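Source file: start_26.cif; contents: mmCIF, C-alpha atoms.
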data_run
loop_
_atom_site.label_atom_id
_atom_site.label_comp_id
_atom_site.auth_asym_id
_atom_site.auth_seq_id
_atom_site.Cartn_x
_atom_site.Cartn_y
_atom_site.Cartn_z
CA MET T 1 18.84 23.03 26.89
CA SER T 2 20.11 20.17 24.70
CA ALA T 3 20.80 22.64 21.88
CA VAL T 4 22.89 24.81 24.22
CA ILE T 5 24.88 21.78 25.34
CA ALA T 6 25.55 20.75 21.75
CA VAL T 7 26.93 24.20 20.91
CA LEU T 8 29.18 24.12 23.98
CA TYR T 9 30.78 20.86 22.86
CA ASP T 10 31.20 22.25 19.34
CA ALA T 11 33.12 25.16 20.88
CA ALA T 12 35.30 22.72 22.83
CA ILE T 13 36.70 21.45 19.55
CA ASP T 14 36.50 24.68 17.54
CA SER T 15 37.51 27.74 19.60
CA ALA T 16 36.00 30.09 16.97
CA LYS T 17 32.56 28.96 18.17
CA TRP T 18 32.91 30.09 21.79
CA SER T 19 31.17 33.41 21.18
CA THR T 20 28.20 31.56 19.67
CA ALA T 21 28.21 29.13 22.58
CA LEU T 22 28.23 31.94 25.15
CA LYS T 23 25.36 33.63 23.31
CA SER T 24 23.37 30.42 23.59
CA VAL T 25 24.08 30.25 27.31
CA CYS T 26 23.05 33.92 27.69
CA ASP T 27 19.81 33.29 25.82
CA TYR T 28 19.04 30.32 28.07
CA VAL T 29 20.16 31.72 31.41
CA GLY T 30 19.75 35.49 30.98
CA GLY T 31 22.31 38.24 31.24
CA ALA T 32 23.37 41.08 29.00
CA GLN T 33 26.74 39.63 28.02
CA ALA T 34 29.16 36.84 28.90
CA THR T 35 32.85 36.86 29.76
CA MET T 36 35.10 33.86 30.35
CA PHE T 37 38.37 34.98 31.84
CA TRP T 38 41.15 34.03 34.19
CA GLN T 39 42.42 36.10 37.07
CA GLY T 40 45.31 35.50 39.42
CA ALA T 41 45.55 35.80 43.17
CA ALA T 42 47.34 39.05 42.34
CA ALA T 43 44.31 40.93 41.03
CA ASP T 44 46.18 42.77 38.29
CA ASN T 45 47.12 39.44 36.68
CA VAL T 46 44.13 38.90 34.40
CA GLY T 47 43.30 37.82 30.87
CA VAL T 48 40.24 37.21 28.69
CA LEU T 49 39.49 33.77 27.24
CA HIS T 50 36.18 34.27 25.42
CA LEU T 51 33.59 37.04 25.12
CA TYR T 52 30.03 37.62 23.96
CA ASN T 53 28.36 41.02 23.46
CA ASP T 54 30.92 42.93 25.51
CA ASP T 55 31.80 46.59 25.06
CA PRO T 56 35.48 46.56 23.96
CA VAL T 57 36.09 49.92 25.63
CA TYR T 58 35.05 48.62 29.04
CA THR T 59 36.75 45.26 28.54
CA ARG T 60 40.02 47.09 27.89
CA LEU T 61 39.37 49.38 30.87
CA TYR T 62 38.92 46.35 33.13
CA LEU T 63 42.07 44.63 31.90
CA GLU T 64 44.28 47.71 31.98
CA LYS T 65 43.04 49.51 35.09
CA LEU T 66 40.07 48.23 37.04
CA ALA T 67 40.77 44.52 37.64
CA PRO T 68 42.67 45.25 40.89
CA LEU T 69 39.69 47.32 42.08
CA ASN T 70 37.08 44.58 41.61
CA PRO T 71 35.58 44.25 45.11
CA ALA T 72 34.66 40.59 44.55
CA PHE T 73 38.35 39.67 44.64
CA PRO T 74 39.98 37.82 46.29
CA ALA T 75 36.86 36.44 48.03
CA VAL T 76 35.54 34.93 44.80
CA LEU T 77 38.64 32.72 44.67
CA PHE T 78 37.35 30.98 47.79
CA GLN T 79 34.01 29.97 46.26
CA GLU T 80 33.37 26.31 45.61
CA VAL T 81 34.30 25.32 42.08
CA GLY T 82 31.15 24.83 40.03
CA ALA T 83 28.87 26.66 42.46
CA VAL T 84 26.70 29.42 40.98
CA HIS T 85 26.63 32.76 42.78
CA ALA T 86 25.69 36.37 42.17
CA PHE T 87 27.97 39.37 42.63
CA SER T 88 25.50 40.63 45.22
CA ASP T 89 26.03 37.45 47.26
CA LEU T 90 29.61 38.59 47.86
CA VAL T 91 29.37 42.38 48.01
CA PRO T 92 26.26 44.13 49.37
CA GLU T 93 24.84 46.84 47.12
CA GLN T 94 25.54 49.65 49.60
CA GLU T 95 29.21 48.71 49.86
CA LEU T 96 29.50 48.24 46.11
CA GLU T 97 28.13 51.70 45.33
CA GLU T 98 30.93 53.28 47.40
CA THR T 99 33.65 51.82 45.19
CA ALA T 100 35.47 53.28 42.20
CA PHE T 101 34.80 49.98 40.42
CA HIS T 102 31.06 50.69 40.59
CA ARG T 103 31.45 54.30 39.48
CA GLU T 104 33.78 53.59 36.56
CA TRP T 105 32.66 50.19 35.28
CA ILE T 106 29.34 48.91 36.62
CA ALA T 107 27.17 52.04 36.67
CA PRO T 108 28.17 53.40 33.23
CA GLN T 109 27.15 50.09 31.63
CA GLY T 110 23.87 49.92 33.52
CA PHE T 111 24.60 46.61 35.21
CA THR T 112 22.52 45.78 38.28
CA ASP T 113 24.20 42.48 39.22
CA SER T 114 25.95 39.52 37.63
CA LEU T 115 25.60 35.76 37.75
CA ALA T 116 28.83 33.81 37.79
CA VAL T 117 30.55 30.50 38.32
CA LEU T 118 34.12 29.57 39.21
CA LEU T 119 35.04 26.97 36.58
CA GLU T 120 38.39 25.85 37.99
CA ARG T 121 41.19 27.11 40.18
CA ASP T 122 44.57 26.35 41.63
CA ALA T 123 46.65 28.08 44.26
CA THR T 124 47.57 31.01 42.01
CA ARG T 125 44.68 31.70 39.64
CA MET T 126 41.18 30.73 38.54
CA ALA T 127 38.99 30.49 35.44
CA PHE T 128 35.69 32.28 35.72
CA LEU T 129 32.49 32.76 33.71
CA SER T 130 30.39 35.85 34.37
CA PHE T 131 27.03 37.08 33.05
CA PRO T 132 26.43 40.77 33.87
CA TRP T 133 22.75 41.62 34.41
CA ARG T 134 20.73 44.67 33.42
CA GLY T 135 17.39 45.48 35.00
CA GLY T 136 15.82 43.61 37.88
CA GLN T 137 17.18 41.04 40.29
CA ILE T 138 18.61 37.65 39.46
CA ASP T 139 15.95 35.11 40.39
CA ALA T 140 16.24 31.51 41.54
CA ALA T 141 15.21 30.20 38.12
CA ALA T 142 18.19 31.87 36.42
CA ARG T 143 20.55 30.41 39.03
CA GLU T 144 19.07 26.97 38.49
CA ARG T 145 19.36 27.16 34.71
CA LEU T 146 23.04 28.08 34.93
CA ALA T 147 23.66 25.34 37.52
CA LEU T 148 22.29 22.77 35.07
CA LEU T 149 24.76 23.92 32.42
CA VAL T 150 27.84 24.22 34.65
CA PRO T 151 29.00 20.57 34.34
CA HIS T 152 28.80 20.82 30.54
CA ILE T 153 30.63 24.16 30.48
CA GLN T 154 33.40 22.68 32.65
CA ARG T 155 33.73 19.65 30.39
CA ALA T 156 33.87 21.85 27.30
CA VAL T 157 36.62 23.98 28.87
CA THR T 158 38.56 20.84 29.83
CA ILE T 159 38.34 19.39 26.34
CA ALA T 160 39.41 22.71 24.83
CA GLN T 161 42.45 22.63 27.13
CA LEU T 162 43.26 19.08 26.07
CA PHE T 163 43.32 20.20 22.46
CA GLY T 164 45.39 23.23 23.40
CA ARG T 165 42.63 25.44 21.98
CA GLN T 166 44.11 24.77 18.56
CA ASN T 167 42.50 23.59 15.35
CA ALA T 168 45.00 20.99 14.24
CA GLU T 169 45.27 20.11 10.59
CA ALA T 170 43.38 16.92 9.78
CA SER T 171 46.47 14.94 8.90
CA LEU T 172 48.09 15.87 12.22
CA LEU T 173 45.29 14.77 14.55
CA THR T 174 47.05 11.74 15.98
CA GLU T 175 50.27 13.69 16.37
CA THR T 176 48.32 16.37 18.21
CA LEU T 177 46.77 13.80 20.55
CA ASP T 178 50.18 12.31 21.26
CA GLN T 179 51.31 15.74 22.44
CA VAL T 180 48.40 15.94 24.90
CA GLY T 181 49.62 15.19 28.41
CA GLU T 182 46.35 13.63 29.55
CA PRO T 183 45.26 10.14 28.41
CA VAL T 184 43.05 10.05 25.30
CA PHE T 185 41.39 6.94 23.82
CA LEU T 186 39.39 6.51 20.62
CA LEU T 187 36.89 3.70 21.21
CA SER T 188 34.71 1.54 19.02
CA SER T 189 31.08 0.89 19.93
CA ASP T 190 32.07 -2.32 21.72
CA ARG T 191 34.85 -0.57 23.74
CA ARG T 192 37.78 -1.80 21.68
CA ILE T 193 40.65 0.69 21.60
CA VAL T 194 41.07 2.03 18.07
CA TYR T 195 43.73 4.52 19.14
CA ALA T 196 45.41 5.58 22.40
CA ASN T 197 47.92 8.37 22.81
CA ALA T 198 51.18 7.90 24.71
CA SER T 199 49.64 8.91 28.05
CA GLY T 200 46.74 6.55 27.45
CA ARG T 201 49.02 3.63 26.72
CA GLU T 202 50.98 4.37 29.88
CA MET T 203 47.75 4.47 31.89
CA ILE T 204 46.79 1.03 30.60
CA ASP T 205 50.23 -0.36 31.44
CA ARG T 206 49.98 0.98 34.98
CA GLY T 207 46.39 -0.18 35.44
CA VAL T 208 45.33 3.05 37.12
CA GLY T 209 41.56 3.54 36.94
CA ILE T 210 41.18 1.41 33.81
CA ARG T 211 42.09 -2.06 32.58
CA LEU T 212 41.85 -4.24 29.49
CA GLN T 213 39.57 -7.28 29.51
CA ASP T 214 39.06 -9.34 26.37
CA LYS T 215 40.77 -6.52 24.45
CA ARG T 216 38.09 -4.09 25.63
CA LEU T 217 38.55 -1.02 27.82
CA ARG T 218 37.02 -1.40 31.25
CA ALA T 219 36.95 0.97 34.22
CA ALA T 220 38.45 -0.58 37.34
CA ALA T 221 35.55 0.48 39.55
CA ASP T 222 32.17 -1.15 38.85
CA GLU T 223 30.21 2.10 39.06
CA ALA T 224 32.55 3.84 36.63
CA ASP T 225 32.46 0.84 34.29
CA HIS T 226 28.67 0.97 34.18
CA ALA T 227 28.84 4.72 33.47
CA LEU T 228 31.28 4.12 30.61
CA ALA T 229 29.10 1.38 29.13
CA ASP T 230 25.90 3.45 29.39
CA SER T 231 27.52 6.55 27.90
CA LEU T 232 29.06 4.66 24.99
CA ASP T 233 25.78 2.89 24.31
CA ALA T 234 23.96 6.24 24.24
CA ILE T 235 26.49 7.67 21.78
CA THR T 236 26.23 4.57 19.57
CA ARG T 237 22.44 4.99 19.49
CA GLY T 238 22.85 8.63 18.49
CA ALA T 239 21.47 10.11 21.72
CA PRO T 240 22.20 13.84 22.23
CA VAL T 241 25.52 14.61 23.92
CA GLY T 242 25.04 14.74 27.64
CA ALA T 243 21.62 13.09 27.61
CA GLN T 244 22.94 10.01 29.47
CA GLY T 245 25.75 11.79 31.30
CA THR T 246 29.12 11.74 29.58
CA SER T 247 31.42 12.61 32.48
CA PHE T 248 32.17 10.40 35.47
CA ALA T 249 34.79 9.70 38.12
CA LEU T 250 37.14 6.77 37.52
CA GLU T 251 38.76 7.07 40.94
CA SER T 252 38.39 9.44 43.87
CA THR T 253 40.59 10.08 46.90
CA PRO T 254 40.51 12.79 49.58
CA ASN T 255 43.10 14.77 47.60
CA ASP T 256 42.13 14.30 43.97
CA ARG T 257 39.82 12.68 41.44
CA LEU T 258 40.45 10.88 38.19
CA LEU T 259 37.76 12.18 35.83
CA ALA T 260 36.69 10.75 32.47
CA THR T 261 34.73 12.49 29.71
CA LEU T 262 33.30 10.58 26.77
CA LEU T 263 32.36 12.44 23.58
CA PRO T 264 31.03 11.24 20.21
CA LEU T 265 33.30 11.46 17.20
CA LYS T 266 31.82 13.01 14.09
CA ARG T 267 32.49 11.08 10.89
CA GLU T 268 34.89 13.79 9.72
CA ALA T 269 37.00 13.35 12.83
CA ARG T 270 37.04 9.57 12.46
CA GLN T 271 38.24 9.89 8.88
CA ARG T 272 41.18 12.00 10.05
CA VAL T 273 42.69 9.00 11.78
CA GLY T 274 41.59 6.48 9.16
CA THR T 275 39.02 4.86 11.44
CA ALA T 276 35.73 6.00 9.91
CA ASP T 277 34.04 2.63 10.47
CA LEU T 278 35.61 1.84 13.85
CA ALA T 279 36.01 4.75 16.28
CA THR T 280 32.73 5.90 17.79
CA ALA T 281 33.79 8.03 20.72
CA ALA T 282 36.77 9.72 22.35
CA LEU T 283 37.51 9.18 26.04
CA PHE T 284 39.48 11.93 27.78
CA VAL T 285 40.92 11.38 31.25
CA ARG T 286 42.25 14.05 33.57
CA ARG T 287 43.27 14.27 37.20
CA SER T 288 41.52 16.99 39.18
CA ARG T 289 43.46 17.92 42.28
CA PHE T 290 41.86 19.83 45.11
CA ALA T 291 43.94 22.94 45.66
CA ASP T 292 45.12 23.57 49.20
CA PRO T 293 43.48 26.62 50.77
CA THR T 294 45.51 29.81 50.69
CA PRO T 295 46.31 31.74 53.90
CA LEU T 296 43.76 34.40 52.90
CA GLU T 297 41.10 31.74 52.43
CA LEU T 298 41.91 30.28 55.85
CA VAL T 299 41.63 33.71 57.47
CA ALA T 300 38.33 34.41 55.71
CA LYS T 301 36.75 31.13 56.76
CA ARG T 302 38.23 30.92 60.25
CA TYR T 303 37.15 34.42 61.28
CA GLY T 304 34.04 34.82 59.12
CA LEU T 305 35.28 37.75 57.04
CA THR T 306 33.13 39.25 54.29
CA ALA T 307 34.33 39.72 50.72
CA SER T 308 35.06 43.39 51.36
CA GLU T 309 36.94 42.61 54.55
CA ILE T 310 39.15 39.97 52.98
CA ARG T 311 39.99 42.48 50.23
CA VAL T 312 41.24 44.83 52.90
CA VAL T 313 43.30 42.04 54.51
CA GLU T 314 44.86 41.24 51.13
CA ALA T 315 45.66 44.91 50.56
CA THR T 316 47.33 45.28 53.99
CA LEU T 317 49.86 42.68 52.89
CA ARG T 318 50.94 45.01 50.07
CA VAL T 319 50.56 48.58 51.36
CA SER T 320 50.22 50.34 54.72
CA GLY T 321 48.32 53.39 55.91
CA LEU T 322 44.75 54.54 55.27
CA ASP T 323 45.63 56.67 52.23
CA ALA T 324 47.46 53.85 50.46
CA LEU T 325 44.78 51.30 51.31
CA ALA T 326 42.00 53.57 50.09
CA GLY T 327 43.82 54.21 46.83
CA THR T 328 44.55 50.53 46.29
CA LEU T 329 40.98 49.45 46.99
CA GLY T 330 39.20 52.34 45.27
CA VAL T 331 37.14 53.28 48.32
CA SER T 332 37.16 56.13 50.84
CA LYS T 333 39.40 56.24 53.90
CA ALA T 334 36.30 56.10 56.09
CA THR T 335 35.23 52.85 54.43
CA VAL T 336 38.71 51.35 54.92
CA LYS T 337 38.68 52.36 58.57
CA THR T 338 35.26 50.78 59.09
CA HIS T 339 36.42 47.50 57.54
CA LEU T 340 39.67 47.47 59.52
CA ASN T 341 37.81 47.95 62.81
CA ARG T 342 35.54 45.01 61.98
CA ILE T 343 38.52 42.87 60.98
CA TYR T 344 40.39 43.70 64.18
CA ARG T 345 37.36 42.66 66.24
CA LYS T 346 36.82 39.40 64.36
CA CYS T 347 40.40 38.12 64.15
CA PRO T 348 41.09 39.47 66.91
CA VAL T 349 44.10 41.75 66.49
CA LYS T 350 44.87 45.32 67.51
CA ASN T 351 46.47 46.80 64.39
CA GLN T 352 47.74 46.19 60.86
CA SER T 353 51.07 44.83 62.09
CA GLU T 354 49.37 42.12 64.16
CA LEU T 355 47.10 41.30 61.22
CA ILE T 356 50.12 40.73 58.98
CA LYS T 357 51.70 38.51 61.65
CA LEU T 358 48.48 36.49 61.83
CA VAL T 359 48.52 35.82 58.08
CA ALA T 360 52.27 35.13 58.13
CA GLY T 361 51.72 32.52 60.82
CA LEU T 362 49.24 30.72 58.60
CA VAL T 363 51.74 30.81 55.72
CA GLN T 364 54.32 29.08 57.91
CA ALA T 365 51.71 26.53 59.03
CA LEU T 366 51.02 25.63 55.39
#
Please lay out the structure from this file as structure tokens.
Amino acid sequence: MSAVIAVLYDAAIDSAKWSTALKSVCDYVGGAQATMFWQGAAADNVGVLHLYNDDPVYTRLYLEKLAPLNPAFPAVLFQEVGAVHAFSDLVPEQELEETAFHREWIAPQGFTDSLAVLLERDATRMAFLSFPWRGGQIDAAARERLALLVPHIQRAVTIAQLFGRQNAEASLLTETLDQVGEPVFLLSSDRRIVYANASGREMIDRGVGIRLQDKRLRAAADEADHALADSLDAITRGAPVGAQGTSFALESTPNDRLLATLLPLKREARQRVGTADLATAALFVRRSRFADPTPLELVAKRYGLTASEIRVVEATLRVSGLDALAGTLGVSKATVKTHLNRIYRKCPVKNQSELIKLVAGLVQAL
């Protein structure tokens, strides 16, 4: 596992290594291939971030045609960030086999299920990592192995975002960090600040989450300060990345969290900023806000709708009539009618017009 984690953090700094990193995760967890992608609340708004062992023909088919027909959407947007789940947890096999998505994308590739995790989301889109499966069911051990890696995958994605997924020229490293919106600090082994970008300096001035004491960086909260000290000590001793836990909360409120991630600096990186004998680690800070639930999510949770049913609700907001709904969802009219009848009983409403009014009322409430 430690080797997989190390490759993930390498990919965070060098985007060319993501395919290798995803292969390592596949080898550890299982799965025939890996896809990291983003998809919007509007299902046709989709893009690929990183791939391993995919079939380019089917990847293009998904992006250009089949993304809106994926029966896991939009229900997958309502999953807890960081929680591992299988496709079959959302869409029962019998329902899945009735869909055009199964006929045109899943069955031809021989996939039997997929293991996935929602990496992050906001009100309009999410980042997602999926491992399609061939042969047999996904067991509890595979779920557990992926769950162990999820925090490291999330940190790697965050760090890649902080660097803008770019490989900056060595001489421009500090300029690159100054362009990063989130606070970044380069720290010595005794917590002295070797370098801080503009956001980091502002954070110190404001005293939010961190403070200076005897010219050393301290976390304002005792628990976070202990975590910072332990993590930096582990890095100084040369312990493997992640072995002592390199990510921790600086502050937490009901609406958001201030998260810190500490990573070792390789000698080459230290030389880029002229601090080869001083800087030991880089501390990245980001604010993680909890996105407000969408009206569709509220409907799904309030009335206990399944993934297939919430897809139908979402489609009714865009088209009307059985023919149009069936075409939009890639299922038969009989299947649409069955889902609508269940939705009407659960909500409870009498027809599509009342269902739209129900969702509209939740929009106004938000």
Selected residue of minimal separation from Ala360 in chain T among T:Gln33, T:Leu317, T:Asp323, T:Lys215, counting only C-alpha atoms: T:Leu317
Give as a ChimeraX atom specification the residues that the PyMOL selection byres ((chain T and resi 149-158) around 9) matches when applied to the coordinates above. /T:1,4-5,8-13,25,82-84,117,119-120,144-148,159-163,242,247,261,286
Point-to-point distance from CA of Val285 in chain T to CA of Pro183 in chain T, Å rounded to tenths: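 Separating CA of Val285 in chain T from CA of Pro183 in chain T is a distance of 5.3 Å.
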Using all atoms listed in the file, the best pick from T:Leu69, T:Val336, T:Leu296, T:Ala3 as closest to Asp27 in chain T would be T:Ala3
If the PyMOL selection byres ((chain T and resi 187) around 9) were run on this exact file, what residues would it hold? Put them as an NGL selection string. :T and (185-186 or 188-196 or 217 or 232 or 278-283)
CA of Val313 in chain T to CA of Thr294 in chain T: how many Å, to one decimal? 13.0 Å
Using Å and a single decimal, report how far CA of Arg311 in chain T sits from CA of His50 in chain T.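 Here the two named atoms are 26.4 Å from each other.
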So which residues touch Gly110 in chain T within 7 Å, counting all atoms listed in the file, skipping near sequence neighbours fewer than 3 positions away, as a PDB file with C-alpha atoms, keeping the file's coordinate frame?
ATOM      1  CA  ILE T 106      29.340  48.910  36.620  1.00  0.00           C
ATOM      2  CA  ALA T 107      27.170  52.040  36.670  1.00  0.00           C
ATOM      3  CA  ARG T 134      20.730  44.670  33.420  1.00  0.00           C
TER       4      ARG T 134
END
T:Gln79, T:Gln94, T:Thr99, T:Thr328 ranked by distance to Ala116 in chain T, top pick (using all atoms listed in the file):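 So, comparing all the options, the nearest one is T:Gln79.
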Residue with smallest distance to Glu309 in chain T - pool T:Leu358, T:Val91, T:Leu322, T:Ala260, counting all atoms listed in the file: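 Smallest distance to Glu309 in chain T is found for T:Val91.
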Please provide as a list in words all residues within 7 Å of Ser199 in chain T, with the sequence filter that same-chain residues fewer than 3 positions apart are discarded (counting only C-alpha atoms).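 These residues fall inside the cut-off: Gly181, Glu182, Pro183, Glu202 and Met203 of chain T.
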Restricting the calculation to only C-alpha atoms: of T:Lys337, T:Lys65, T:Arg201, T:Arg257, which residue gets closest to Arg287 in chain T?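 The closest residue to Arg287 in chain T is T:Arg257.
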Nearest-residue call for Lys346 in chain T, choices T:Ala249, T:Val299, T:Val81, T:Ala315, using all atoms listed in the file: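 Comparing T:Ala249, T:Val299, T:Val81, T:Ala315 against Lys346 in chain T, the winner is T:Val299.
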Name all residues at most 6 Å from Met36 in chain T (count only C-alpha atoms; drop same-chain ones fewer than 6 positions away) and give them as a list in words.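 Surrounding residues, per the criterion: Leu49, His50, Phe128 and Leu129 of chain T.
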Picked residues, the PyMOL selection byres ((chain T and resi 114) around 6), as a list in words: Ala86, Phe87, Asp113, Leu115, Phe131, Pro132 and Trp133 of chain T
